[in-house]
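J.: Next up, structure_15.tsv (TSV, C-alpha atoms and all ligand atoms).
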```
chain	number	residue	atom	x	y	z
A	1	MET	CA	-25.56	-21.25	19.48
A	2	PHE	CA	-26.56	-24.52	21.14
A	3	ASP	CA	-24.19	-27.10	19.76
A	4	HIS	CA	-23.35	-30.45	21.37
A	5	LEU	CA	-26.30	-30.19	23.70
A	6	ALA	CA	-27.51	-33.73	22.97
A	7	GLU	CA	-24.31	-35.16	24.46
A	8	LYS	CA	-25.03	-33.57	27.82
A	9	ILE	CA	-28.59	-34.73	28.38
A	10	PRO	CA	-29.05	-37.25	31.23
A	11	TYR	CA	-30.45	-40.77	30.75
A	12	GLN	CA	-32.42	-42.86	33.17
A	13	THR	CA	-33.44	-46.51	33.00
A	14	VAL	CA	-37.11	-47.05	33.84
A	15	PHE	CA	-37.58	-50.70	32.89
A	16	LYS	CA	-35.19	-53.61	32.66
A	17	SER	CA	-35.87	-57.31	32.29
A	18	ALA	CA	-33.80	-60.13	30.83
A	19	ASP	CA	-35.13	-59.17	27.38
A	20	ILE	CA	-36.03	-55.51	27.31
A	21	GLN	CA	-34.48	-52.29	28.49
A	22	LEU	CA	-36.27	-48.94	28.42
A	23	ASP	CA	-34.17	-45.82	28.94
A	24	VAL	CA	-35.38	-42.23	28.98
A	25	LYS	CA	-33.49	-39.29	27.50
A	26	ARG	CA	-34.45	-36.40	29.76
A	27	LEU	CA	-34.92	-33.42	27.45
A	28	ASP	CA	-37.10	-32.02	30.24
A	29	LEU	CA	-33.91	-31.25	32.16
A	30	ILE	CA	-32.34	-28.97	29.53
A	31	HIS	CA	-33.73	-25.76	31.01
A	32	THR	CA	-36.67	-24.95	33.27
A	33	GLU	CA	-38.53	-22.87	30.70
A	34	ILE	CA	-37.02	-23.83	27.32
A	35	SER	CA	-37.34	-27.49	28.13
A	36	GLY	CA	-37.77	-30.40	25.83
A	37	ASN	CA	-38.24	-30.82	22.13
A	38	LYS	CA	-39.35	-27.21	21.56
A	39	PHE	CA	-35.82	-26.05	22.11
A	40	PHE	CA	-34.56	-28.27	19.28
A	41	LYS	CA	-37.40	-27.09	17.04
A	42	LEU	CA	-36.44	-23.47	17.59
A	43	LYS	CA	-32.68	-23.49	17.36
A	44	GLU	CA	-32.18	-23.69	13.56
A	45	ASN	CA	-34.98	-21.17	13.10
A	46	PHE	CA	-33.14	-18.75	15.38
A	47	LYS	CA	-29.96	-19.20	13.34
A	48	GLN	CA	-31.92	-18.49	10.17
A	49	ALA	CA	-33.57	-15.39	11.67
A	50	LYS	CA	-30.15	-14.06	12.69
A	51	GLN	CA	-28.81	-14.70	9.19
A	52	GLN	CA	-31.74	-12.77	7.73
A	53	GLY	CA	-31.02	-9.91	10.11
A	54	LEU	CA	-34.36	-10.31	11.89
A	55	GLN	CA	-34.45	-9.68	15.62
A	56	GLN	CA	-38.07	-10.51	16.27
A	57	ILE	CA	-39.84	-13.88	16.28
A	58	LEU	CA	-43.57	-14.04	15.62
A	59	THR	CA	-45.50	-17.22	16.30
A	60	PHE	CA	-48.92	-18.67	17.14
A	61	GLY	CA	-50.48	-20.71	19.92
A	62	GLY	CA	-53.27	-21.43	22.34
A	63	ALA	CA	-53.36	-20.19	25.92
A	64	TYR	CA	-51.59	-23.27	27.33
A	65	SER	CA	-49.14	-23.80	24.48
A	66	ASN	CA	-45.74	-25.29	25.34
A	67	HIS	CA	-44.49	-23.80	22.09
A	68	ILE	CA	-45.48	-20.27	23.18
A	69	ALA	CA	-43.82	-20.80	26.57
A	70	ALA	CA	-40.62	-22.16	25.04
A	71	THR	CA	-40.46	-19.50	22.33
A	72	ALA	CA	-40.87	-16.65	24.82
A	73	ALA	CA	-38.17	-18.03	27.13
A	74	ALA	CA	-35.76	-18.92	24.31
A	75	CYS	CA	-36.20	-15.50	22.68
A	76	GLN	CA	-35.35	-13.82	25.95
A	77	ARG	CA	-32.32	-16.06	26.43
A	78	PHE	CA	-30.97	-15.58	22.91
A	79	GLY	CA	-31.72	-11.91	22.45
A	80	PHE	CA	-34.81	-11.87	20.23
A	81	LYS	CA	-37.98	-9.89	20.69
A	82	SER	CA	-41.06	-12.09	20.55
A	83	ILE	CA	-44.68	-11.74	19.54
A	84	GLY	CA	-47.29	-14.37	20.30
A	85	ILE	CA	-50.53	-14.45	18.33
A	86	ILE	CA	-52.81	-16.12	20.86
A	87	ARG	CA	-56.12	-17.86	20.10
A	88	GLY	CA	-59.11	-16.30	21.90
A	89	GLU	CA	-59.79	-12.56	21.99
A	90	GLU	CA	-61.72	-12.92	25.27
A	91	LEU	CA	-58.40	-13.68	26.98
A	92	ALA	CA	-57.35	-10.06	26.55
A	93	HIS	CA	-59.83	-9.08	29.27
A	94	GLN	CA	-58.97	-11.79	31.79
A	95	PRO	CA	-56.07	-12.35	34.15
A	96	LEU	CA	-53.33	-14.22	32.28
A	97	ASN	CA	-52.95	-17.91	33.03
A	98	PRO	CA	-49.48	-19.07	34.21
A	99	THR	CA	-48.30	-19.97	30.69
A	100	LEU	CA	-49.16	-16.56	29.26
A	101	ALA	CA	-48.07	-14.64	32.36
A	102	THR	CA	-44.65	-16.30	32.20
A	103	ALA	CA	-44.39	-15.65	28.45
A	104	GLN	CA	-45.24	-11.99	28.95
A	105	LYS	CA	-42.75	-11.70	31.78
A	106	ALA	CA	-40.09	-13.08	29.44
A	107	GLY	CA	-40.87	-10.15	27.15
A	108	MET	CA	-43.32	-11.71	24.71
A	109	GLN	CA	-45.82	-9.26	23.32
A	110	LEU	CA	-49.18	-11.07	23.42
A	111	HIS	CA	-51.65	-10.33	20.69
A	112	PHE	CA	-55.07	-11.94	21.18
A	113	VAL	CA	-57.19	-12.76	18.15
A	114	SER	CA	-60.62	-14.31	17.64
A	115	ARG	CA	-60.92	-17.98	16.77
A	116	ASP	CA	-61.99	-17.02	13.24
A	117	THR	CA	-58.90	-14.93	12.75
A	118	TYR	CA	-56.69	-17.56	14.33
A	119	ARG	CA	-57.97	-20.11	11.83
A	120	GLN	CA	-56.20	-18.12	9.10
A	121	ARG	CA	-52.82	-18.57	10.76
A	122	ASN	CA	-51.35	-20.61	7.89
A	123	GLU	CA	-52.75	-18.44	5.09
A	124	THR	CA	-50.32	-16.29	3.16
A	125	GLU	CA	-52.54	-13.24	3.07
A	126	TYR	CA	-53.07	-13.19	6.83
A	127	GLN	CA	-49.36	-13.73	7.41
A	128	GLN	CA	-48.54	-10.82	5.07
A	129	ASN	CA	-50.89	-8.63	7.10
A	130	LEU	CA	-49.18	-9.68	10.30
A	131	LEU	CA	-45.77	-8.91	8.85
A	132	GLN	CA	-47.01	-5.42	7.94
A	133	GLN	CA	-48.34	-4.96	11.44
A	134	PHE	CA	-45.16	-6.35	13.01
A	135	PRO	CA	-42.40	-5.57	10.51
A	136	ASN	CA	-39.04	-7.35	10.47
A	137	SER	CA	-40.44	-10.46	12.12
A	138	TYR	CA	-39.38	-14.04	11.50
A	139	LEU	CA	-42.48	-16.17	11.37
A	140	ILE	CA	-42.69	-19.63	12.97
A	141	PRO	CA	-45.90	-21.68	12.57
A	142	GLU	CA	-48.10	-22.94	15.41
A	143	GLY	CA	-46.42	-25.80	17.25
A	144	GLY	CA	-43.11	-24.74	15.71
A	145	THR	CA	-42.97	-27.34	12.96
A	146	ASN	CA	-41.23	-26.40	9.72
A	147	ALA	CA	-38.28	-27.77	7.75
A	148	LEU	CA	-35.74	-26.12	10.08
A	149	ALA	CA	-37.51	-27.55	13.12
A	150	VAL	CA	-37.24	-31.05	11.65
A	151	LEU	CA	-33.55	-30.39	11.01
A	152	GLY	CA	-33.03	-29.13	14.56
A	153	CYS	CA	-34.74	-32.19	16.04
A	154	GLN	CA	-32.14	-34.42	14.39
A	155	ASP	CA	-29.75	-33.16	17.05
A	156	ILE	CA	-31.84	-34.77	19.79
A	157	LEU	CA	-30.04	-38.00	18.93
A	158	SER	CA	-26.34	-38.40	19.65
A	159	ASP	CA	-24.04	-40.99	18.06
A	160	HIS	CA	-24.43	-43.01	21.25
A	161	ASP	CA	-28.20	-43.13	20.71
A	162	LEU	CA	-27.72	-44.30	17.11
A	163	GLU	CA	-25.38	-47.07	18.24
A	164	GLN	CA	-27.07	-48.27	21.43
A	165	TYR	CA	-30.81	-48.42	20.76
A	166	ASP	CA	-33.07	-50.54	18.53
A	167	VAL	CA	-36.24	-48.51	19.07
A	168	ILE	CA	-36.55	-44.78	19.65
A	169	SER	CA	-39.85	-43.45	20.83
A	170	ALA	CA	-41.43	-39.99	21.17
A	171	ALA	CA	-44.76	-38.32	21.81
A	172	VAL	CA	-46.32	-36.76	18.70
A	173	GLY	CA	-48.31	-33.55	18.30
A	174	THR	CA	-47.61	-32.17	14.82
A	175	GLY	CA	-44.99	-34.83	14.03
A	176	GLY	CA	-42.07	-32.43	13.52
A	177	THR	CA	-40.05	-33.96	16.31
A	178	LEU	CA	-40.69	-37.53	15.18
A	179	ALA	CA	-39.70	-36.56	11.63
A	180	GLY	CA	-36.36	-35.26	12.90
A	181	LEU	CA	-35.72	-38.50	14.80
A	182	ILE	CA	-36.64	-40.53	11.71
A	183	GLU	CA	-34.33	-38.48	9.50
A	184	LYS	CA	-31.41	-38.98	11.87
A	185	SER	CA	-32.02	-42.67	12.58
A	186	ARG	CA	-30.07	-45.58	11.17
A	187	PRO	CA	-31.94	-48.01	8.88
A	188	GLN	CA	-31.90	-50.87	11.41
A	189	GLN	CA	-33.54	-48.67	14.05
A	190	HIS	CA	-37.29	-48.26	14.38
A	191	ILE	CA	-38.86	-44.93	15.37
A	192	LEU	CA	-42.14	-45.30	17.23
A	193	GLY	CA	-44.48	-42.36	17.70
A	194	PHE	CA	-47.24	-42.14	20.30
A	195	SER	CA	-49.81	-39.69	19.05
A	196	ALA	CA	-51.38	-37.23	21.47
A	197	VAL	CA	-54.18	-36.66	18.98
A	198	LYS	CA	-56.64	-38.95	17.24
A	199	GLY	CA	-56.57	-39.69	13.54
A	200	ASP	CA	-54.58	-40.87	10.55
A	201	PHE	CA	-53.75	-37.44	9.16
A	202	LEU	CA	-50.48	-37.36	11.10
A	203	GLN	CA	-49.18	-40.29	9.10
A	204	HIS	CA	-49.44	-38.12	6.01
A	205	ASP	CA	-48.07	-35.03	7.76
A	206	ILE	CA	-44.93	-36.89	8.79
A	207	GLN	CA	-44.44	-38.27	5.28
A	208	GLN	CA	-44.09	-34.68	4.13
A	209	TRP	CA	-40.81	-34.45	6.06
A	210	THR	CA	-39.23	-37.82	5.37
A	211	THR	CA	-39.08	-40.54	2.74
A	212	LYS	CA	-37.75	-43.15	5.18
A	213	LYS	CA	-39.94	-46.09	6.14
A	214	ASN	CA	-38.45	-47.30	9.43
A	215	TRP	CA	-41.15	-45.77	11.61
A	216	SER	CA	-44.70	-46.23	12.81
A	217	LEU	CA	-47.29	-44.26	14.67
A	218	THR	CA	-50.10	-45.25	17.00
A	219	ASP	CA	-52.98	-43.25	18.44
A	220	ALA	CA	-54.12	-46.17	20.59
A	221	PHE	CA	-53.10	-44.37	23.79
A	222	CYS	CA	-54.34	-40.85	23.02
A	223	CYS	CA	-57.34	-41.30	25.34
A	224	GLY	CA	-59.76	-39.97	22.76
A	225	GLY	CA	-57.89	-36.90	21.60
A	226	TYR	CA	-55.73	-33.88	22.29
A	227	ALA	CA	-55.55	-32.93	25.99
A	228	LYS	CA	-58.08	-35.64	26.81
A	229	SER	CA	-57.23	-38.07	29.55
A	230	SER	CA	-58.71	-40.89	31.60
A	231	ALA	CA	-58.67	-41.89	35.26
A	232	GLU	CA	-56.43	-44.77	34.23
A	233	LEU	CA	-53.93	-42.49	32.49
A	234	LEU	CA	-53.78	-40.10	35.45
A	235	ALA	CA	-53.34	-42.99	37.90
A	236	PHE	CA	-50.56	-44.41	35.73
A	237	MET	CA	-48.90	-41.00	35.59
A	238	GLN	CA	-48.88	-40.60	39.38
A	239	CYS	CA	-47.52	-44.08	39.88
A	240	PHE	CA	-44.77	-43.59	37.25
A	241	GLU	CA	-43.72	-40.25	38.70
A	242	LYS	CA	-43.49	-41.66	42.18
A	243	MET	CA	-41.58	-44.72	41.11
A	244	HIS	CA	-39.01	-43.01	38.88
A	245	GLN	CA	-38.97	-39.41	40.07
A	246	ILE	CA	-39.64	-38.32	36.50
A	247	PRO	CA	-42.38	-35.70	36.13
A	248	LEU	CA	-44.81	-36.21	33.24
A	249	GLU	CA	-47.82	-34.32	31.91
A	250	HIS	CA	-51.02	-35.90	30.63
A	251	ILE	CA	-51.04	-34.32	27.15
A	252	TYR	CA	-47.93	-35.93	25.66
A	253	THR	CA	-45.38	-37.77	27.75
A	254	ALA	CA	-47.74	-39.72	30.03
A	255	LYS	CA	-49.49	-41.13	26.96
A	256	MET	CA	-46.18	-42.28	25.50
A	257	PHE	CA	-44.96	-44.04	28.65
A	258	TYR	CA	-48.40	-45.53	29.22
A	259	GLY	CA	-48.27	-46.98	25.71
A	260	LEU	CA	-44.66	-48.12	25.92
A	261	LEU	CA	-45.17	-50.02	29.17
A	262	GLN	CA	-48.34	-51.65	27.85
A	263	PHE	CA	-46.47	-52.71	24.72
A	264	ILE	CA	-43.71	-54.19	26.88
A	265	GLU	CA	-46.28	-56.07	28.94
A	266	GLN	CA	-47.89	-57.43	25.78
A	267	SER	CA	-44.47	-58.62	24.48
A	268	TYR	CA	-44.81	-56.29	21.52
A	269	PHE	CA	-41.04	-55.88	21.28
A	270	LYS	CA	-38.67	-58.66	20.19
A	271	PRO	CA	-36.35	-60.10	22.86
A	272	ASN	CA	-33.16	-58.08	23.34
A	273	THR	CA	-34.72	-54.79	22.29
A	274	ARG	CA	-33.20	-51.67	23.73
A	275	ILE	CA	-35.66	-48.80	23.69
A	276	LEU	CA	-34.92	-45.11	24.10
A	277	ALA	CA	-37.88	-42.89	25.01
A	278	ILE	CA	-37.49	-39.17	24.44
A	279	HIS	CA	-38.91	-37.16	27.34
A	280	SER	CA	-40.00	-34.10	25.40
A	281	GLY	CA	-40.58	-31.85	28.44
A	282	GLY	CA	-43.73	-29.75	28.38
A	283	LEU	CA	-43.98	-29.57	32.14
A	284	GLN	CA	-44.79	-25.86	32.23
A	285	GLY	CA	-48.41	-26.67	31.37
A	286	ARG	CA	-48.74	-29.21	34.15
A	287	LEU	CA	-49.95	-26.98	36.94
A	288	ALA	CA	-52.34	-25.15	34.70
A	289	THR	CA	-54.09	-28.13	33.21
A	290	VAL	CA	-54.06	-31.09	35.59
B	1	LIG	C1	-45.02	-29.99	21.46
B	1	LIG	C2	-44.77	-31.24	22.24
B	1	LIG	C3	-44.74	-32.50	21.63
B	1	LIG	C4	-45.07	-32.71	20.17
B	1	LIG	O1	-44.05	-32.31	19.29
B	1	LIG	P1	-44.34	-32.31	17.73
B	1	LIG	O2	-43.05	-31.96	17.12
B	1	LIG	O3	-45.38	-31.24	17.49
B	1	LIG	O4	-44.86	-33.63	17.35
B	1	LIG	C5	-44.43	-33.60	22.40
B	1	LIG	N1	-44.21	-33.47	23.72
B	1	LIG	C6	-44.25	-32.29	24.35
B	1	LIG	C7	-44.02	-32.25	25.80
B	1	LIG	C8	-44.53	-31.12	23.64
B	1	LIG	O5	-44.59	-29.95	24.26
```
Would it be possible to restate this file's structure as structure tokens?
Ligand SMILES: *Cc1c(COP(=O)(O)O)cnc(C)c1O
T.:
Amino acid sequence: MFDHLAEKIPYQTVFKSADIQLDVKRLDLIHTEISGNKFFKLKENFKQAKQQGLQQILTFGGAYSNHIAATAAACQRFGFKSIGIIRGEELAHQPLNPTLATAQKAGMQLHFVSRDTYRQRNETEYQQNLLQQFPNSYLIPEGGTNALAVLGCQDILSDHDLEQYDVISAAVGTGGTLAGLIEKSRPQQHILGFSAVKGDFLQHDIQQWTTKKNWSLTDAFCCGGYAKSSAELLAFMQCFEKMHQIPLEHIYTAKMFYGLLQFIEQSYFKPNTRILAIHSGGLQGRLATV
């Protein structure tokens, strides 16, 4: 369905000194709507749904969710129906924001639920109810992370990436993407995650998906938590975009590059380190949230 994609993704060098080189793998350029890591998280799930004879994908998200946007667009592209269970029943009575309007236009059936109901999204009983309400659906969790997503994210890295880079870095939300990178990596490589959320729980979440140890995670650049930002982060983002012509957003990718460049400045990396940063896309939410 989407094989050999990783070989076609463009690279761009954003920092180079005598000691350190930082390249970006531009997953944001894969497709305007299905951009970034979400595409890799979906692809093995789509194969599985097809194998099970299911033509409808059901998943969960908030009103600005990149996962909802990507799922709607990818379902349209690959011939699935899609249902989005969206947090916030009040949204049913308001004009749709750009994320939801685009998802609906792509054919996603939006189903708004209260925050209390949404909280049950990972409970078996609630999921059984949903499957009765929307029969023959293939269920994907919020954020898209499951075992098949981790498997799909392994394909972000090509053989070239395994041979050429010492450090591979990515922004982290649920950790599914980072887990895929870790699983694919070679033992001498280090996988470095920049968390978009605050807290140690992610460490444990990622350990669920991998037994390897060649990785680390920092929340030092999360600016206080999910979707939070600071004047400094936003100023950095503008400057970076202007300098490199690479669009970022403040929830994930800006935090990663902000952290990476600070680490470089602080001589955090050993001399002769080649770093590959994964640009995980997510730009659909940019207009709506900045
Ligand atoms: C969803 C998302 C992430 C986080 O991916 P996880 O697999 O949940 O860690 C990172 N960057 C962008 C742009 C995203 O949309």
J.: I need the residue nearest Pro98 of chain A from this list: A:Phe269, A:Arg115, A:Ile68, A:Gly259. Use all atoms listed in the file for the distance.
T.: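 Distance minimum relative to Pro98 of chain A lands on A:Ile68.
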J.: Just checking: using only C-alpha atoms and all ligand atoms, which residue out of A:Leu131, A:Met237, A:Ile251, A:Leu96 ends up closest to ligand LIG 1 (chain B)?
T.: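 Looking at the shortest contact to ligand LIG 1 (chain B), the residue is A:Ile251.
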J.: Show me, as a tab-separated table, the residues of chain A having an atom within 7 Å of ligand LIG 1 (chain B), each with the closest atom pair and its distance in Å, using all atoms listed in the file.
T.:
```
residue	atom	partner	partner_atom	distance
A:Gly36	CA	B:LIG1	C7	6.5
A:Asn37	CA	B:LIG1	C8	6.5
A:Lys38	CA	B:LIG1	C1	6.3
A:Asn66	CA	B:LIG1	O5	4.9
A:His67	CA	B:LIG1	C1	6.2
A:Gly143	CA	B:LIG1	O3	5.5
A:Thr145	CA	B:LIG1	O2	6.2
A:Ala171	CA	B:LIG1	C5	4.8
A:Val172	CA	B:LIG1	O4	3.7
A:Gly173	CA	B:LIG1	O4	3.6
A:Thr174	CA	B:LIG1	O3	3.6
A:Gly175	CA	B:LIG1	O4	3.5
A:Gly176	CA	B:LIG1	O2	3.8
A:Thr177	CA	B:LIG1	O2	3.7
A:Leu178	CA	B:LIG1	O4	6.1
A:Tyr252	CA	B:LIG1	N1	4.9
A:Thr253	CA	B:LIG1	N1	6.0
A:Ser280	CA	B:LIG1	C7	4.4
A:Gly281	CA	B:LIG1	C7	4.4
A:Gly282	CA	B:LIG1	C7	3.6
A:Leu283	CA	B:LIG1	C7	6.9
```
J.: Show me a table, sorted first by chain and then by increasing residue number, of the residues of segment 73-101 of chain A having an atom at most 9 Å from segment 42-59 of chain A, each with its shortest atom pair and the distance in Å to one decimal, counting all atoms listed in the file and written as a Markdown table.
T.:
```
| residue | atom | partner | partner_atom | distance |
| --- | --- | --- | --- | --- |
| A:Ala74 | CA | A:Leu42 | CA | 8.1 |
| A:Cys75 | CA | A:Ile57 | CA | 7.5 |
| A:Phe78 | CA | A:Phe46 | CA | 8.5 |
| A:Gly79 | CA | A:Gln55 | CA | 7.7 |
| A:Phe80 | CA | A:Gln55 | CA | 5.1 |
| A:Lys81 | CA | A:Gln56 | CA | 4.5 |
| A:Ser82 | CA | A:Ile57 | CA | 4.8 |
| A:Ile83 | CA | A:Leu58 | CA | 4.7 |
| A:Gly84 | CA | A:Thr59 | CA | 5.2 |
| A:Ile85 | CA | A:Thr59 | CA | 6.1 |
| A:Ile86 | CA | A:Thr59 | CA | 8.7 |
```
J.: Just checking: using only C-alpha atoms, which residue out of A:Tyr165, A:Lys242, A:Ala227, A:Ile182 ends up closest to Ile20 of chain A?
T.: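 When distances to Ile20 of chain A are compared using only C-alpha atoms, the smallest one comes from A:Tyr165.
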J.: Pick out the residues sitting within 8 Å of segment 111-114 of chain A, and hand them over as an mmCIF file with C-alpha atoms, in the frame of the given file; count all atoms listed in the file, and ignore anything fewer than 2 positions along from it in its own chain.
T.:
```
data_model
loop_
_atom_site.group_PDB
_atom_site.id
_atom_site.type_symbol
_atom_site.label_atom_id
_atom_site.label_comp_id
_atom_site.auth_asym_id
_atom_site.auth_seq_id
_atom_site.Cartn_x
_atom_site.Cartn_y
_atom_site.Cartn_z
ATOM 1 C CA ILE A 83 -44.680 -11.740 19.540
ATOM 2 C CA GLY A 84 -47.290 -14.370 20.300
ATOM 3 C CA ILE A 85 -50.530 -14.450 18.330
ATOM 4 C CA ILE A 86 -52.810 -16.120 20.860
ATOM 5 C CA ARG A 87 -56.120 -17.860 20.100
ATOM 6 C CA GLY A 88 -59.110 -16.300 21.900
ATOM 7 C CA GLU A 89 -59.790 -12.560 21.990
ATOM 8 C CA GLU A 90 -61.720 -12.920 25.270
ATOM 9 C CA LEU A 91 -58.400 -13.680 26.980
ATOM 10 C CA ALA A 92 -57.350 -10.060 26.550
ATOM 11 C CA GLN A 109 -45.820 -9.260 23.320
ATOM 12 C CA ASP A 116 -61.990 -17.020 13.240
ATOM 13 C CA THR A 117 -58.900 -14.930 12.750
ATOM 14 C CA TYR A 118 -56.690 -17.560 14.330
#
```
J.: Select, counting all atoms listed in the file, all protein, DNA and RNA residues no farther than 9 Å from (-40.5, -20.1, 30.4) in file coordinates, and express the selection as number ranges by chain.
T.: A: 31-35, 66, 68-74, 99, 102-103, 105-106, 284
J.: Show me as a ChimeraX atom specification the residues that reach within 8 Å of (-36.4, -41.9, 13.4), counting only C-alpha atoms and using the file's own coordinates.
T.: /A:168,178-186,189-192,214-215
J.: Please, what distance in Å, to one decimal, runs between atom CA of Arg26 of chain A and atom CA of Ile278 of chain A?
T.: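 According to the coordinates, atom CA of Arg26 of chain A and atom CA of Ile278 of chain A are separated by 6.7 Å.
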J.: List as an NGL selection string the protein and nucleic acid residues near Ile246 of chain A, meaning an atom at most 12 Å away when only C-alpha atoms are counted, but skip any in the same chain fewer than 4 places from it.
T.: :A and (10-14 or 23-29 or 237-242 or 253-254 or 257 or 279-281 or 283)
J.: So what do you get for atom CA of Ser216 of chain A versus atom CA of Met243 of chain A, distance-wise?
T.: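 So the two atoms, atom CA of Ser216 of chain A and atom CA of Met243 of chain A, lie 28.5 Å apart.
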J.: Contacts of Glu232 of chain A at 10 Å or less, counting only C-alpha atoms, minus same-chain residues fewer than 4 places along, as a short mmCIF file (atom, residue, chain, number, x, y, z; two decimals) with C-alpha atoms, keeping the file's coordinate frame?
T.:
```
data_model
loop_
_atom_site.label_atom_id
_atom_site.label_comp_id
_atom_site.auth_asym_id
_atom_site.auth_seq_id
_atom_site.Cartn_x
_atom_site.Cartn_y
_atom_site.Cartn_z
CA CYS A 223 -57.34 -41.30 25.34
CA PHE A 236 -50.56 -44.41 35.73
CA MET A 237 -48.90 -41.00 35.59
CA TYR A 258 -48.40 -45.53 29.22
#
```
J.: What gap, in Å, lies between atom CA of Ser158 of chain A and atom CA of Gln21 of chain A?
T.: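 If I compute the distance from atom CA of Ser158 of chain A to atom CA of Gln21 of chain A, I get 18.4 Å.
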J.: For Phe60 of chain A, which residue among A:Gly224, A:Gly199, A:Pro271, A:Gly144 is the nearest when counting all atoms listed in the file?
T.: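 Among the listed residues, the smallest separation from Phe60 of chain A belongs to A:Gly144.
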J.: Name all residues at most 8 Å from Leu22 of chain A (count all atoms listed in the file; drop same-chain ones fewer than 6 positions away) and give them as a list in words.
T.: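 After dropping sequence-adjacent residues, the list is Thr13, Val14, Phe15, Lys16, Arg274, Ile275, Leu276 and Ala277 of chain A.
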